[in-house]
Each structure stands twice: as structure tokens, then as C-alpha cells.
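K.L.:
Data file upload-v2.cif (mmCIF, C-alpha atoms) is appended below.
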data_final
#
loop_
_atom_site.label_atom_id
_atom_site.label_comp_id
_atom_site.auth_asym_id
_atom_site.auth_seq_id
_atom_site.Cartn_x
_atom_site.Cartn_y
_atom_site.Cartn_z
CA MET L 1 0.00 0.00 0.00
CA THR L 2 1.40 3.40 -1.00
CA PRO L 3 1.93 5.69 2.02
CA ASP L 4 0.44 9.15 2.12
CA PRO L 5 3.11 11.33 0.43
CA ALA L 6 2.75 14.29 2.78
CA ALA L 7 2.91 12.07 5.87
CA PHE L 8 5.95 10.27 4.45
CA VAL L 9 7.73 13.59 3.83
CA ARG L 10 7.02 14.80 7.36
CA GLU L 11 8.19 11.51 8.91
CA TRP L 12 11.50 11.22 7.09
CA THR L 13 12.67 14.83 6.88
CA ARG L 14 13.12 17.90 9.03
CA LEU L 15 12.99 21.60 8.22
CA MET L 16 16.47 22.86 7.42
CA ALA L 17 18.00 25.85 5.65
CA PRO L 18 20.07 25.00 2.55
CA PRO L 19 23.61 26.36 2.96
CA LEU L 20 23.57 28.66 -0.09
CA VAL L 21 20.02 29.90 0.56
CA PRO L 22 19.76 30.29 4.35
CA GLU L 23 16.68 32.51 4.12
CA LEU L 24 14.60 29.51 3.01
CA VAL L 25 13.67 26.32 4.88
CA LEU L 26 12.90 22.98 3.28
CA HIS L 27 11.86 19.52 4.38
CA LEU L 28 15.21 17.78 3.82
CA ALA L 29 16.73 14.48 4.77
CA GLY L 30 19.15 14.50 7.69
CA PRO L 31 21.10 11.23 7.55
CA VAL L 32 20.68 10.16 3.93
CA THR L 33 20.80 6.38 4.29
CA PRO L 34 17.68 5.84 6.48
CA LEU L 35 15.47 7.84 4.10
CA TRP L 36 16.90 6.10 1.05
CA GLU L 37 16.29 2.69 2.63
CA ALA L 38 12.75 3.64 3.63
CA THR L 39 12.04 4.85 0.11
CA GLU L 40 13.55 1.72 -1.44
CA LYS L 41 11.06 -0.37 0.53
CA THR L 42 8.26 1.78 -0.82
CA LEU L 43 9.84 1.63 -4.26
CA GLU L 44 9.77 -2.15 -4.27
CA GLN L 45 6.06 -2.08 -3.51
CA THR L 46 4.89 0.79 -5.69
CA GLY L 47 7.50 1.54 -8.35
CA LEU L 48 8.01 5.12 -7.13
CA PRO L 49 11.28 6.94 -7.95
CA PRO L 50 14.08 7.60 -5.42
CA PRO L 51 13.70 10.55 -3.02
CA TYR L 52 15.49 13.24 -5.04
CA TRP L 53 13.01 15.72 -3.57
CA ALA L 54 14.57 15.38 -0.09
CA PHE L 55 17.87 17.05 -1.00
CA ALA L 56 18.84 20.59 -1.96
CA TRP L 57 20.92 19.74 -5.04
CA PRO L 58 23.60 22.22 -6.18
CA GLY L 59 21.70 23.30 -9.29
CA GLY L 60 18.56 24.09 -7.34
CA GLN L 61 20.45 26.03 -4.69
CA ALA L 62 22.36 28.06 -7.26
CA ILE L 63 19.32 29.02 -9.29
CA ALA L 64 17.39 29.91 -6.13
CA ARG L 65 20.29 32.09 -4.92
CA HIS L 66 20.49 33.83 -8.29
CA VAL L 67 16.76 34.53 -8.43
CA LEU L 68 16.70 35.90 -4.90
CA ASP L 69 19.68 38.14 -5.65
CA HIS L 70 18.23 39.27 -9.00
CA PRO L 71 14.45 39.43 -8.45
CA GLY L 72 13.95 41.42 -11.64
CA LEU L 73 14.41 38.17 -13.57
CA VAL L 74 11.04 36.91 -12.33
CA ARG L 75 9.18 39.81 -10.69
CA GLY L 76 5.66 40.16 -12.03
CA LEU L 77 6.04 37.20 -14.41
CA PRO L 78 4.56 33.69 -14.48
CA VAL L 79 7.33 31.20 -13.66
CA LEU L 80 7.71 27.45 -14.14
CA ASP L 81 10.12 25.42 -12.00
CA PHE L 82 10.81 22.37 -14.16
CA ALA L 83 11.64 18.99 -12.53
CA ALA L 84 11.34 20.93 -9.31
CA GLY L 85 12.36 18.30 -6.74
CA SER L 86 12.13 20.10 -3.40
CA GLY L 87 10.73 23.21 -5.08
CA ILE L 88 13.59 25.41 -3.92
CA ALA L 89 13.72 27.42 -7.16
CA ALA L 90 9.94 27.83 -7.23
CA ILE L 91 9.90 29.10 -3.66
CA ALA L 92 12.73 31.54 -4.43
CA ALA L 93 10.77 32.84 -7.43
CA ALA L 94 7.67 33.34 -5.30
CA LYS L 95 9.75 35.17 -2.69
CA ALA L 96 11.22 37.34 -5.45
CA GLY L 97 7.78 38.52 -6.54
CA ALA L 98 6.79 36.27 -9.45
CA ALA L 99 3.18 36.79 -10.49
CA ARG L 100 2.48 33.04 -10.48
CA VAL L 101 4.71 30.05 -9.82
CA VAL L 102 4.10 26.50 -11.04
CA ALA L 103 6.37 23.63 -9.98
CA THR L 104 6.30 20.47 -12.02
CA ASP L 105 7.59 17.03 -11.10
CA LEU L 106 6.52 13.54 -12.06
CA ASP L 107 6.92 12.21 -8.50
CA ALA L 108 3.89 12.53 -6.20
CA PHE L 109 6.21 12.63 -3.17
CA ALA L 110 8.07 15.58 -4.68
CA LEU L 111 4.80 17.42 -5.23
CA ALA L 112 3.84 16.81 -1.60
CA ALA L 113 7.25 18.07 -0.47
CA ILE L 114 6.90 21.19 -2.63
CA ARG L 115 3.53 22.02 -1.12
CA LEU L 116 4.87 21.54 2.41
CA ASN L 117 7.98 23.59 1.63
CA ALA L 118 5.96 26.41 0.09
CA ALA L 119 3.75 26.56 3.17
CA ALA L 120 6.80 26.57 5.45
CA ASN L 121 8.09 29.63 3.59
CA GLY L 122 4.77 31.44 3.47
CA VAL L 123 4.41 31.45 -0.33
CA THR L 124 2.00 30.03 -2.87
CA VAL L 125 3.31 27.53 -5.42
CA GLU L 126 1.05 25.54 -7.73
CA THR L 127 2.08 21.95 -8.44
CA THR L 128 1.50 19.63 -11.37
CA ASP L 129 2.72 16.24 -12.58
CA GLU L 130 2.12 17.17 -16.22
CA ASP L 131 4.98 16.34 -18.57
CA MET L 132 5.80 19.88 -19.66
CA THR L 133 8.09 18.73 -22.46
CA THR L 134 4.95 17.87 -24.42
CA SER L 135 3.23 21.20 -23.77
CA GLU L 136 3.64 24.88 -24.55
CA SER L 137 3.51 26.43 -21.10
CA THR L 138 2.31 30.01 -20.83
CA CYS L 139 5.02 30.78 -18.25
CA ARG L 140 7.46 33.51 -19.28
CA VAL L 141 10.36 32.19 -17.20
CA ILE L 142 11.52 28.57 -16.84
CA LEU L 143 13.88 27.55 -14.05
CA ALA L 144 15.71 24.25 -14.51
CA GLY L 145 18.17 23.20 -11.82
CA ASP L 146 20.46 20.22 -12.35
CA VAL L 147 18.53 18.48 -15.14
CA CYS L 148 21.48 17.13 -17.18
CA TYR L 149 22.59 14.34 -14.84
CA GLU L 150 21.49 11.49 -17.16
CA ARG L 151 21.72 11.18 -20.94
CA PRO L 152 18.02 10.28 -21.49
CA MET L 153 16.88 13.19 -19.32
CA ALA L 154 19.15 15.70 -21.03
CA ALA L 155 18.23 14.43 -24.50
CA ARG L 156 14.53 14.87 -23.76
CA VAL L 157 14.71 18.16 -21.90
CA TRP L 158 17.24 20.18 -23.90
CA PRO L 159 15.29 20.42 -27.20
CA TRP L 160 12.21 21.55 -25.28
CA LEU L 161 14.15 24.22 -23.38
CA VAL L 162 15.60 25.51 -26.65
CA ALA L 163 12.15 25.58 -28.24
CA ARG L 164 10.76 27.57 -25.32
CA ALA L 165 13.69 30.02 -25.53
CA ARG L 166 12.97 30.48 -29.23
CA ALA L 167 9.37 31.26 -28.30
CA GLY L 168 10.59 34.17 -26.18
CA VAL L 169 10.67 32.48 -22.78
CA ARG L 170 13.58 33.27 -20.46
CA VAL L 171 15.11 29.88 -19.64
CA LEU L 172 17.56 29.73 -16.73
CA LEU L 173 19.48 26.50 -16.25
CA ALA L 174 21.85 25.80 -13.35
CA ASP L 175 24.36 22.98 -13.60
CA PRO L 176 27.20 21.75 -11.33
CA GLY L 177 29.24 20.15 -14.11
CA ARG L 178 27.08 17.17 -15.01
CA ALA L 179 28.27 15.03 -17.90
CA TYR L 180 25.39 15.70 -20.26
CA LEU L 181 25.23 19.49 -20.14
CA PRO L 182 25.11 20.79 -23.75
CA LYS L 183 28.31 22.45 -24.93
CA ARG L 184 26.58 25.21 -26.90
CA GLY L 185 23.60 27.52 -26.57
CA LEU L 186 24.29 28.65 -23.00
CA LEU L 187 25.15 32.15 -21.79
CA GLU L 188 26.81 32.15 -18.37
CA PHE L 189 25.20 34.45 -15.79
CA ALA L 190 26.92 33.53 -12.52
CA ARG L 191 28.99 30.94 -10.66
CA TYR L 192 28.40 29.71 -7.12
CA ARG L 193 30.36 27.38 -4.89
CA VAL L 194 27.70 25.17 -3.32
CA PRO L 195 28.46 23.07 -0.22
CA THR L 196 27.48 19.43 -0.78
CA SER L 197 27.43 16.13 1.08
CA ARG L 198 29.75 13.25 0.24
CA GLU L 199 26.75 10.98 0.75
CA LEU L 200 25.36 12.48 -2.48
CA GLU L 201 28.31 13.89 -4.41
CA ASP L 202 31.99 13.00 -4.90
CA ARG L 203 33.18 16.19 -3.19
CA GLU L 204 32.24 18.58 -0.41
CA GLU L 205 31.65 21.55 -2.70
CA ARG L 206 30.53 21.95 -6.31
CA GLU L 207 31.03 24.96 -8.51
CA THR L 208 27.65 25.50 -10.10
CA VAL L 209 26.92 27.77 -13.03
CA VAL L 210 23.67 29.56 -13.79
CA TYR L 211 23.12 29.92 -17.54
CA GLN L 212 20.50 31.42 -19.79
CA VAL L 213 19.56 29.27 -22.78
CA GLU L 214 20.39 31.23 -25.93
CA VAL L 215 19.02 30.75 -29.46
#
Could you take the file, read its structure, and then write that structure out as C-alpha cells?

P.N.:
Amino acid sequence: MTPDPAAFVREWTRLMAPPLVPELVLHLAGPVTPLWEATEKTLEQTGLPPPYWAFAWPGGQAIARHVLDHPGLVRGLPVLDFAAGSGIAAIAAAKAGAARVVATDLDAFALAAIRLNAAANGVTVETTDEDMTTSESTCRVILAGDVCYERPMAARVWPWLVARARAGVRVLLADPGRAYLPKRGLLEFARYRVPTSRELEDREERETVVYQVEV
């Protein structure tokens, strides 16, 4: 039987401030292994994905930091946080004055975490499990943090991001040096050194770049 996503998030996480974005709080995993093991048991029963939503990944932290420091990028505009995970970028956009924020993720547990995280930060974020790569979102800004970690993901997402940029959408992508980041079509905005955990990464800090997709 699938557990209630919101209850699962509350049970296996605690509210913490990500190191690069201390003005926000998120439901994050403390010790990584117990949550991963708990989710694997659920995964065996239900086929749900791993708990990527329980960690503030470098790309999400960098794009959230950049949006908070440069609110004019999103202020007064409808914003989409793509593959949102914890929703950190969406929450930053809402804090920065976006007119409307939608966070999309295919994982029901991620959507539950996003709703809880938005409430914890006193902002409104809409959530959806719609596959946005097959739609033409009306949002004028797309935030994509750390989406090039696997070849299939990057191959599916990149053409859609380029198409949205060609349609006049501002597309901001943050990446900590993943293998499948495209080599062209990116204008660097900023670099951040993001503290990480060796339980998740191969180092204690990752230099993460915020780009705008160019056409």
C-alpha cells in the first residue's frame, strides 16, 4: 500500500535551511541512508522513484540564490520550475515577486514536499505532474536546476528548453558540471560554490553555473 506522500515527507525529513540559501527552509533528509532505505522499501512495492526531492541539489540552490539576488528576472512574471524536486527554485521565485509560480515534477512525493515547503516559507506555489516537455507552457520564465545528470533526461529536456527560448521564454538553467550538459547555446550568468554532502556527491563543494539558454 502506497503511504500518504505528505505524511511520508514529514516523517523522514526535518525543516532545514540549505547552505547557499539560508533565508529559506525545506523539508530535507538528515542522515541520507535511512530515508533512502525507507524509500527503497516503498519503491519495491509501488515503483516510485528515489527521493530526489529530499535534498537541496547544487543546481537548485544556485538558481534559487540567483533569483533571490536578482528578483527582476522573475518579478511580475509567471514562472515554471521544471523537474522541481524540493521546489527550492519555485519558492525563491515566489519570494522574489513572481506573479504566479508552477512547480512540475513527475513524483507525487516531490509534489507533496513542494507544497509543504511552500507553506513553510509562506508562499503560494502551484504543483502539477504534467509532462511539460509535451506542452507549450504560458510561463514567461523557466527555471531548470540540475537536469542534465542522465543522458536520457538531457536528451529529452534540452530540445524543449531551446524551443521555449525560441518562443521568447527566459530559460535559466543551473548545472554543477554534469556530464550531459550541452556544450553550446548557453550564456553564463553567474557561478556559485555550493556546499554538498559526500553521501550524495563525490566532493564537499561543487562549482555551479547559472546559464540562460540562448538561441

K.L.:
If you count all atoms listed in the file, which residues fall within 9 Å of Glu188 in chain L, apart from same-chain ones fewer than 6 positions away, as a list in words?

P.N.:
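Non-adjacent residues within range: Val209, Val210, Tyr211, Gln212 and Val213 of chain L.
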
K.L.:
Here's the selection I'm unsure about, the PyMOL selection byres ((chain L and resi 144-154) around 6); applied to the file above, which residues does it give, as a PyMOL selection string?

P.N.:
chain L and resi 59-60+82+143+155-158+173-175+178+180-181

K.L.:
Could you check the closest approach to Pro5 in chain L for each of L:Val79, L:Ala94, L:Gly72, L:Leu111 and tell me which residue wins, using only C-alpha atoms?

P.N.:
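The shortest atom-to-atom distance to Pro5 in chain L comes from L:Leu111.
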
K.L.:
Rounded to one decimal place, report the CA of Glu126 in chain L-CA of Val67 in chain L distance in Å.

P.N.:
18.1 Å

K.L.:
Smallest atom-to-atom distance to Ala120 in chain L: which of L:Arg203, L:Arg75, L:Arg10, L:His27, using all atoms listed in the file?

P.N.:
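Between L:Arg203, L:Arg75, L:Arg10, L:His27, the residue approaching Ala120 in chain L most closely is L:His27.
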
K.L.:
Find the distance between CA of Arg166 in chain L and CA of Glu136 in chain L and write it in Å to one decimal.

P.N.:
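If I compute the distance from CA of Arg166 in chain L to CA of Glu136 in chain L, I get 11.8 Å.
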